[in-house]
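Dumped work32.txt below, it's compact mmCIF, C-alpha atoms:
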# COMPACT_ATOMS: atom_id res chain seq x y z
CA MET A 1 12.02 -9.39 12.58
CA VAL A 2 12.85 -7.03 9.72
CA ALA A 3 10.28 -7.39 6.96
CA ILE A 4 11.67 -4.79 4.54
CA ARG A 5 15.28 -3.69 4.29
CA GLY A 6 16.55 -1.19 1.72
CA LEU A 7 20.28 -0.61 1.42
CA HIS A 8 21.58 2.38 -0.54
CA ILE A 9 18.57 2.43 -2.89
CA SER A 10 18.84 4.93 -5.75
CA LYS A 11 16.66 5.46 -8.80
CA SER A 12 17.39 7.55 -11.87
CA TYR A 13 15.63 8.22 -15.13
CA GLY A 14 18.29 9.38 -17.54
CA HIS A 15 20.13 12.21 -15.83
CA TYR A 16 17.30 12.82 -13.36
CA ARG A 17 17.96 11.27 -9.94
CA ILE A 18 14.67 10.60 -8.10
CA LEU A 19 15.93 8.58 -5.12
CA GLU A 20 19.34 9.15 -3.62
CA ASP A 21 21.06 6.44 -1.54
CA LEU A 22 18.08 5.47 0.68
CA SER A 23 18.64 3.00 3.51
CA PHE A 24 15.78 1.93 5.78
CA GLU A 25 14.26 -0.96 7.72
CA ILE A 26 10.62 -1.72 8.45
CA ALA A 27 9.75 -4.41 10.97
CA ALA A 28 7.08 -7.06 10.79
CA GLY A 29 3.90 -5.68 12.36
CA GLU A 30 4.95 -2.08 11.74
CA CYS A 31 3.23 0.68 9.76
CA TYR A 32 5.44 3.27 8.10
CA ALA A 33 3.93 6.48 6.71
CA LEU A 34 5.77 8.17 3.85
CA PHE A 35 5.25 11.88 3.24
CA GLY A 36 6.63 14.26 0.65
CA PRO A 37 5.61 16.86 -1.92
CA ASN A 38 4.18 15.91 -5.31
CA GLY A 39 6.90 14.48 -7.51
CA ALA A 40 9.19 13.64 -4.61
CA GLY A 41 9.38 9.96 -5.58
CA LYS A 42 6.94 8.39 -3.10
CA THR A 43 5.12 6.36 -5.73
CA THR A 44 8.43 5.38 -7.33
CA LEU A 45 9.65 4.04 -3.99
CA LEU A 46 6.42 2.10 -3.48
CA ARG A 47 6.74 0.56 -6.94
CA ILE A 48 10.31 -0.47 -6.15
CA LEU A 49 9.10 -2.09 -2.94
CA ALA A 50 6.38 -3.83 -4.99
CA THR A 51 9.13 -5.16 -7.34
CA LEU A 52 7.50 -3.36 -10.29
CA HIS A 53 10.51 -1.07 -10.75
CA ARG A 54 14.14 -2.01 -10.33
CA PRO A 55 16.33 0.41 -8.42
CA SER A 56 19.24 1.87 -10.36
CA ALA A 57 21.50 0.94 -7.46
CA GLY A 58 21.22 -0.67 -4.05
CA ARG A 59 19.80 -3.79 -2.49
CA LEU A 60 16.24 -4.59 -1.41
CA GLU A 61 15.25 -7.44 0.89
CA ILE A 62 11.65 -8.36 1.64
CA LEU A 63 10.86 -11.08 4.17
CA GLY A 64 14.47 -12.20 4.09
CA ARG A 65 14.64 -12.60 0.29
CA ASP A 66 16.40 -10.63 -2.38
CA ALA A 67 13.46 -8.71 -3.86
CA ILE A 68 15.38 -7.96 -7.05
CA GLN A 69 16.60 -11.45 -7.87
CA GLU A 70 13.63 -13.34 -6.36
CA ARG A 71 10.85 -10.93 -7.19
CA GLU A 72 8.36 -13.58 -8.35
CA VAL A 73 8.57 -15.31 -4.97
CA VAL A 74 8.39 -12.01 -3.09
CA ARG A 75 5.31 -10.89 -5.02
CA GLU A 76 3.31 -13.77 -3.59
CA ALA A 77 3.56 -12.20 -0.14
CA LEU A 78 2.88 -8.55 -0.95
CA LEU A 79 0.13 -6.41 -2.39
CA LEU A 80 0.19 -2.88 -3.79
CA LEU A 81 -3.00 -0.82 -3.72
CA ALA A 82 -2.09 1.91 -6.14
CA HIS A 83 -3.65 5.35 -6.43
CA GLY A 84 -5.82 4.15 -9.32
CA SER A 85 -8.42 1.46 -8.75
CA HIS A 86 -7.15 -1.07 -11.34
CA LEU A 87 -10.60 -2.62 -11.52
CA TYR A 88 -12.61 -3.84 -14.48
CA ASP A 89 -15.63 -1.63 -15.15
CA GLU A 90 -17.66 -4.29 -16.97
CA LEU A 91 -17.32 -6.80 -14.15
CA ASN A 92 -19.33 -6.57 -10.95
CA ALA A 93 -17.77 -6.41 -7.50
CA VAL A 94 -17.78 -10.18 -6.92
CA GLU A 95 -16.35 -10.87 -10.37
CA ASN A 96 -13.58 -8.32 -9.85
CA LEU A 97 -12.59 -9.95 -6.59
CA SER A 98 -12.73 -13.46 -8.03
CA PHE A 99 -10.55 -12.43 -10.98
CA ALA A 100 -8.02 -10.65 -8.77
CA MET A 101 -7.73 -13.65 -6.46
CA ALA A 102 -7.38 -16.04 -9.39
CA LEU A 103 -4.34 -14.06 -10.51
CA ARG A 104 -2.87 -14.82 -7.09
CA ALA A 105 -3.80 -18.51 -7.41
CA ALA A 106 -6.36 -18.09 -4.60
CA SER A 107 -9.97 -19.27 -4.52
CA PRO A 108 -11.94 -17.57 -1.74
CA THR A 109 -15.32 -19.03 -0.94
CA ASP A 110 -18.54 -17.16 -1.65
CA ARG A 111 -18.84 -16.62 2.08
CA GLU A 112 -15.35 -15.10 2.32
CA VAL A 113 -16.09 -12.73 -0.56
CA LYS A 114 -19.37 -11.67 1.06
CA VAL A 115 -17.69 -11.04 4.40
CA ALA A 116 -14.98 -8.92 2.75
CA LEU A 117 -17.53 -6.80 0.89
CA ASP A 118 -19.62 -6.37 4.03
CA GLN A 119 -16.51 -5.44 6.01
CA VAL A 120 -15.81 -2.50 3.69
CA GLY A 121 -19.48 -1.48 3.56
CA ILE A 122 -20.41 -2.32 -0.04
CA GLY A 123 -22.01 -5.74 0.38
CA ALA A 124 -25.29 -4.38 -1.01
CA PHE A 125 -23.54 -3.63 -4.32
CA ALA A 126 -21.97 -7.05 -4.85
CA GLU A 127 -23.73 -7.64 -8.19
CA LEU A 128 -23.40 -4.08 -9.51
CA LYS A 129 -20.97 -3.44 -12.35
CA VAL A 130 -18.02 -1.40 -11.21
CA ARG A 131 -18.58 1.25 -13.91
CA TYR A 132 -21.45 2.47 -11.75
CA PHE A 133 -19.27 2.74 -8.63
CA SER A 134 -18.13 6.07 -7.23
CA ALA A 135 -14.41 6.63 -6.65
CA GLY A 136 -14.91 5.94 -2.95
CA MET A 137 -16.73 2.66 -3.65
CA LYS A 138 -13.88 1.59 -5.93
CA LYS A 139 -11.40 2.32 -3.15
CA ARG A 140 -13.49 0.18 -0.79
CA LEU A 141 -13.56 -2.64 -3.35
CA ALA A 142 -9.78 -2.46 -3.63
CA MET A 143 -9.68 -2.74 0.16
CA ALA A 144 -11.83 -5.87 -0.02
CA LYS A 145 -9.29 -7.31 -2.46
CA ALA A 146 -6.56 -6.71 0.09
CA ILE A 147 -8.62 -8.36 2.82
CA LEU A 148 -8.97 -11.51 0.72
CA ALA A 149 -5.30 -11.52 -0.30
CA HIS A 150 -3.93 -11.62 3.29
CA PRO A 151 -0.62 -9.93 2.33
CA LYS A 152 2.37 -10.04 4.62
CA VAL A 153 3.46 -6.70 3.16
CA LEU A 154 0.82 -4.15 2.15
CA LEU A 155 1.82 -1.09 0.13
CA LEU A 156 -0.68 1.77 -0.03
CA ASP A 157 -0.53 4.79 -2.33
CA GLU A 158 -2.79 7.55 -0.94
CA PRO A 159 -5.09 5.13 0.94
CA TYR A 160 -7.48 7.82 2.20
CA THR A 161 -8.09 9.59 -1.12
CA SER A 162 -11.76 9.43 -2.27
CA LEU A 163 -12.92 7.89 1.01
CA ASP A 164 -15.53 9.55 3.22
CA GLU A 165 -15.05 9.65 6.98
CA THR A 166 -16.59 6.21 7.46
CA GLY A 167 -14.40 4.79 4.72
CA MET A 168 -11.28 6.21 6.40
CA VAL A 169 -12.28 4.56 9.67
CA ILE A 170 -12.74 1.24 7.86
CA MET A 171 -9.34 1.63 6.22
CA ASN A 172 -7.58 2.25 9.53
CA ARG A 173 -9.39 -0.62 11.24
CA TYR A 174 -8.23 -2.91 8.46
CA ILE A 175 -4.64 -1.66 8.74
CA GLN A 176 -4.66 -2.17 12.50
CA ALA A 177 -6.02 -5.71 12.12
CA LEU A 178 -3.34 -6.51 9.56
CA LEU A 179 -0.60 -5.20 11.84
CA LYS A 180 -1.85 -7.39 14.68
CA GLU A 181 -1.39 -10.37 12.37
CA GLY A 182 2.28 -9.41 11.99
CA ALA A 183 2.05 -7.89 8.51
CA SER A 184 3.91 -4.72 7.54
CA VAL A 185 2.30 -1.68 5.95
CA VAL A 186 3.96 1.14 4.02
CA MET A 187 1.73 4.03 2.97
CA ALA A 188 2.45 7.10 0.89
CA THR A 189 0.04 9.76 2.06
CA HIS A 190 -0.64 13.46 2.57
CA ASP A 191 -3.10 12.85 5.42
CA ARG A 192 -1.18 13.42 8.64
CA ILE A 193 -4.16 13.03 10.98
CA LYS A 194 -5.48 9.70 9.74
CA SER A 195 -2.06 8.18 9.16
CA ALA A 196 -0.97 9.14 12.68
CA GLU A 197 -3.71 6.86 14.03
CA VAL A 198 -1.97 3.76 12.63
CA ALA A 199 1.63 4.67 11.80
CA ASP A 200 4.42 3.54 14.12
CA ARG A 201 7.02 5.59 12.28
CA ALA A 202 7.11 8.13 9.47
CA GLY A 203 9.53 9.75 7.08
CA VAL A 204 9.53 12.54 4.53
CA LEU A 205 11.01 12.21 1.06
CA THR A 206 12.39 15.44 -0.41
CA HIS A 207 14.96 15.98 -3.15
CA GLY A 208 15.50 12.23 -3.30
CA VAL A 209 16.50 11.95 0.36
CA LEU A 210 14.49 10.24 3.11
CA ARG A 211 14.60 11.68 6.61
CA PRO A 212 12.77 10.40 9.69
CA LEU A 213 9.85 12.26 11.25
CA THR A 214 8.66 12.32 14.83
CA ARG A 215 5.04 12.61 15.92
CA GLU A 216 5.78 16.21 16.83
CA ASP A 217 6.97 16.82 13.28
CA LEU A 218 3.59 15.70 11.99
CA LYS A 219 1.93 18.51 13.94
CA THR A 220 3.97 21.22 12.25
CA CYS A 221 2.68 23.14 9.26
CA ASP A 222 5.69 22.66 7.01
CA LEU A 223 7.28 19.24 6.58
CA PHE A 224 9.04 19.99 3.35
Rewritten as structure tokens:
Amino acid sequence: MVAIRGLHISKSYGHYRILEDLSFEIAAGECYALFGPNGAGKTTLLRILATLHRPSAGRLEILGRDAIQEREVVREALLLLAHGSHLYDELNAVENLSFAMALRAASPTDREVKVALDQVGIGAFAELKVRYFSAGMKKRLAMAKAILAHPKVLLLDEPYTSLDETGMVIMNRYIQALLKEGASVVMATHDRIKSAEVADRAGVLTHGVLRPLTREDLKTCDLF
């Protein structure tokens, strides 16, 4: 089953063309790693997939629905973990999770919240305000949010940034578990080694054009 289908996707800002006629398919249960230099348009593409940006041209289907015309319905099934934490500093970890889930009309039990925090290794800091968290702890808390959300499509912008080695292992274990459930994952990353542990396919975005990569390509020094 195709979970994400992009047909001739383009995106421009004024006279500047960021994405040029991209067509791609990502299956259910598949992880796709997206590479490219800074400014190549990786985050823009993720935000289009998240229905936060409209493409200038083209068609986008997510889980069989028109993601442009039915974006509110599509959003219920997907989650974007952006490069920033998007957390509330004056709320503690539990309160942040409860608020985030309420926005999705979900009400996880106290037990479910505890399990999610323990799974990402910050259960001991459940009552600590997030303004005292390190960048890595905030990334783990965002991961706990994803665990509770159970998305069918997970979009990750630089998922390994700020994480220590243990945190990266936790991230990949979570991605692998999600894939086994039949969800799809798209990640924009610069980390070839860690992404290769979970990615089924990969591509590189340069000059607005997306080209496929093989596992051998990921071992080379120059992708761009």
Pick out the residues sitting within 12 Å of Arg47 in chain A, and hand them over as an mmCIF file with C-alpha atoms, in the frame of the given file; count only C-alpha atoms, and ignore anything fewer than 3 positions along from it in its own chain.
data_model
loop_
_atom_site.group_PDB
_atom_site.id
_atom_site.type_symbol
_atom_site.label_atom_id
_atom_site.label_comp_id
_atom_site.auth_asym_id
_atom_site.auth_seq_id
_atom_site.Cartn_x
_atom_site.Cartn_y
_atom_site.Cartn_z
ATOM 1 C CA LYS A 11 16.660 5.460 -8.800
ATOM 2 C CA GLY A 41 9.380 9.960 -5.580
ATOM 3 C CA LYS A 42 6.940 8.390 -3.100
ATOM 4 C CA THR A 43 5.120 6.360 -5.730
ATOM 5 C CA THR A 44 8.430 5.380 -7.330
ATOM 6 C CA ALA A 50 6.380 -3.830 -4.990
ATOM 7 C CA THR A 51 9.130 -5.160 -7.340
ATOM 8 C CA LEU A 52 7.500 -3.360 -10.290
ATOM 9 C CA HIS A 53 10.510 -1.070 -10.750
ATOM 10 C CA ARG A 54 14.140 -2.010 -10.330
ATOM 11 C CA PRO A 55 16.330 0.410 -8.420
ATOM 12 C CA ALA A 67 13.460 -8.710 -3.860
ATOM 13 C CA ARG A 75 5.310 -10.890 -5.020
ATOM 14 C CA LEU A 78 2.880 -8.550 -0.950
ATOM 15 C CA LEU A 79 0.130 -6.410 -2.390
ATOM 16 C CA LEU A 80 0.190 -2.880 -3.790
ATOM 17 C CA LEU A 81 -3.000 -0.820 -3.720
ATOM 18 C CA ALA A 82 -2.090 1.910 -6.140
ATOM 19 C CA HIS A 83 -3.650 5.350 -6.430
ATOM 20 C CA LEU A 154 0.820 -4.150 2.150
ATOM 21 C CA LEU A 155 1.820 -1.090 0.130
ATOM 22 C CA LEU A 156 -0.680 1.770 -0.030
ATOM 23 C CA ASP A 157 -0.530 4.790 -2.330
ATOM 24 C CA VAL A 186 3.960 1.140 4.020
ATOM 25 C CA MET A 187 1.730 4.030 2.970
ATOM 26 C CA ALA A 188 2.450 7.100 0.890
#
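Going from CA of Ile68 in chain A over to CA of Asn96 in chain A, you cover 29.1 Å.
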Could you give me, as a ChimeraX atom specification, the residues that have an atom at most 12 Å away from the point (6.3, -8.4, 10.3) in the coordinates of the file, using all atoms listed in the file?
/A:1-5,25-32,62-64,77-78,151-154,178-186
Nearest-residue call for Ala135 in chain A, choices A:Ala116, A:Leu87, A:Ile9, A:Ile147, using all atoms listed in the file
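For Ala135 in chain A, the nearest of the candidates is A:Leu87.
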Just checking: using all atoms listed in the file, which residue out of A:Gln69, A:Asn172, A:Ala149, A:Ala196 ends up closest to Glu216 in chain A?
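Once distances to Glu216 in chain A are computed over all atoms listed in the file, the minimum belongs to A:Ala196.
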A:Ser23, A:Gln119, A:Thr214, A:Ser98 ranked by distance to Gly167 in chain A, top pick (using only C-alpha atoms):
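Among the listed residues, A:Gln119 lies closest to Gly167 in chain A.
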Tell me, in Å to one decimal, how far CA of Asp89 in chain A is from CA of Arg140 in chain A.
14.6 Å
In terms of the shortest atom-to-atom distance over only C-alpha atoms, which of A:Glu20, A:Asp118, A:Glu112, A:Glu76 is closest to Ile170 in chain A?
A:Asp118
Counting only C-alpha atoms, which residues sit no farther than 10 Å from the position (-18.7, -6.6, 0.5) in the file's frame? I'd like them as a PyMOL selection string.
chain A and resi 93-94+97+112-126+140-141+143-145
For each of A:Leu45, A:Val198, A:Val130, A:Leu34, take the minimum atom-to-atom distance to Gln176 in chain A, counting only C-alpha atoms, then give the residue where this is smallest.
A:Val198
Applying 6 Å and only C-alpha atoms, which residues near Gly6 in chain A remain after dropping the ones on its own chain fewer than 6 positions away? List them as a list in words.
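Listing them by chain and then by number gives Ser23, Phe24, Arg59 and Leu60 of chain A.
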Might I get the box with edges along x, y and z of the file that holds all atoms of range 130-147 of chain A listed there, padded by 6 Å on every side, given as centre and edge lengths in Å to one decimal, as JSON?
{"center_x": -14.0, "center_y": -0.9, "center_z": -5.5, "size_x": 26.9, "size_y": 27.0, "size_z": 28.7}
Find the distance between CA of Ala177 in chain A and CA of Leu148 in chain A and write it in Å to one decimal.
13.1 Å
For Ala33 in chain A, which residue among A:Val204, A:Val209, A:Met168, A:Met137 is the nearest when counting all atoms listed in the file?
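Comparing A:Val204, A:Val209, A:Met168, A:Met137 against Ala33 in chain A, the winner is A:Val204.
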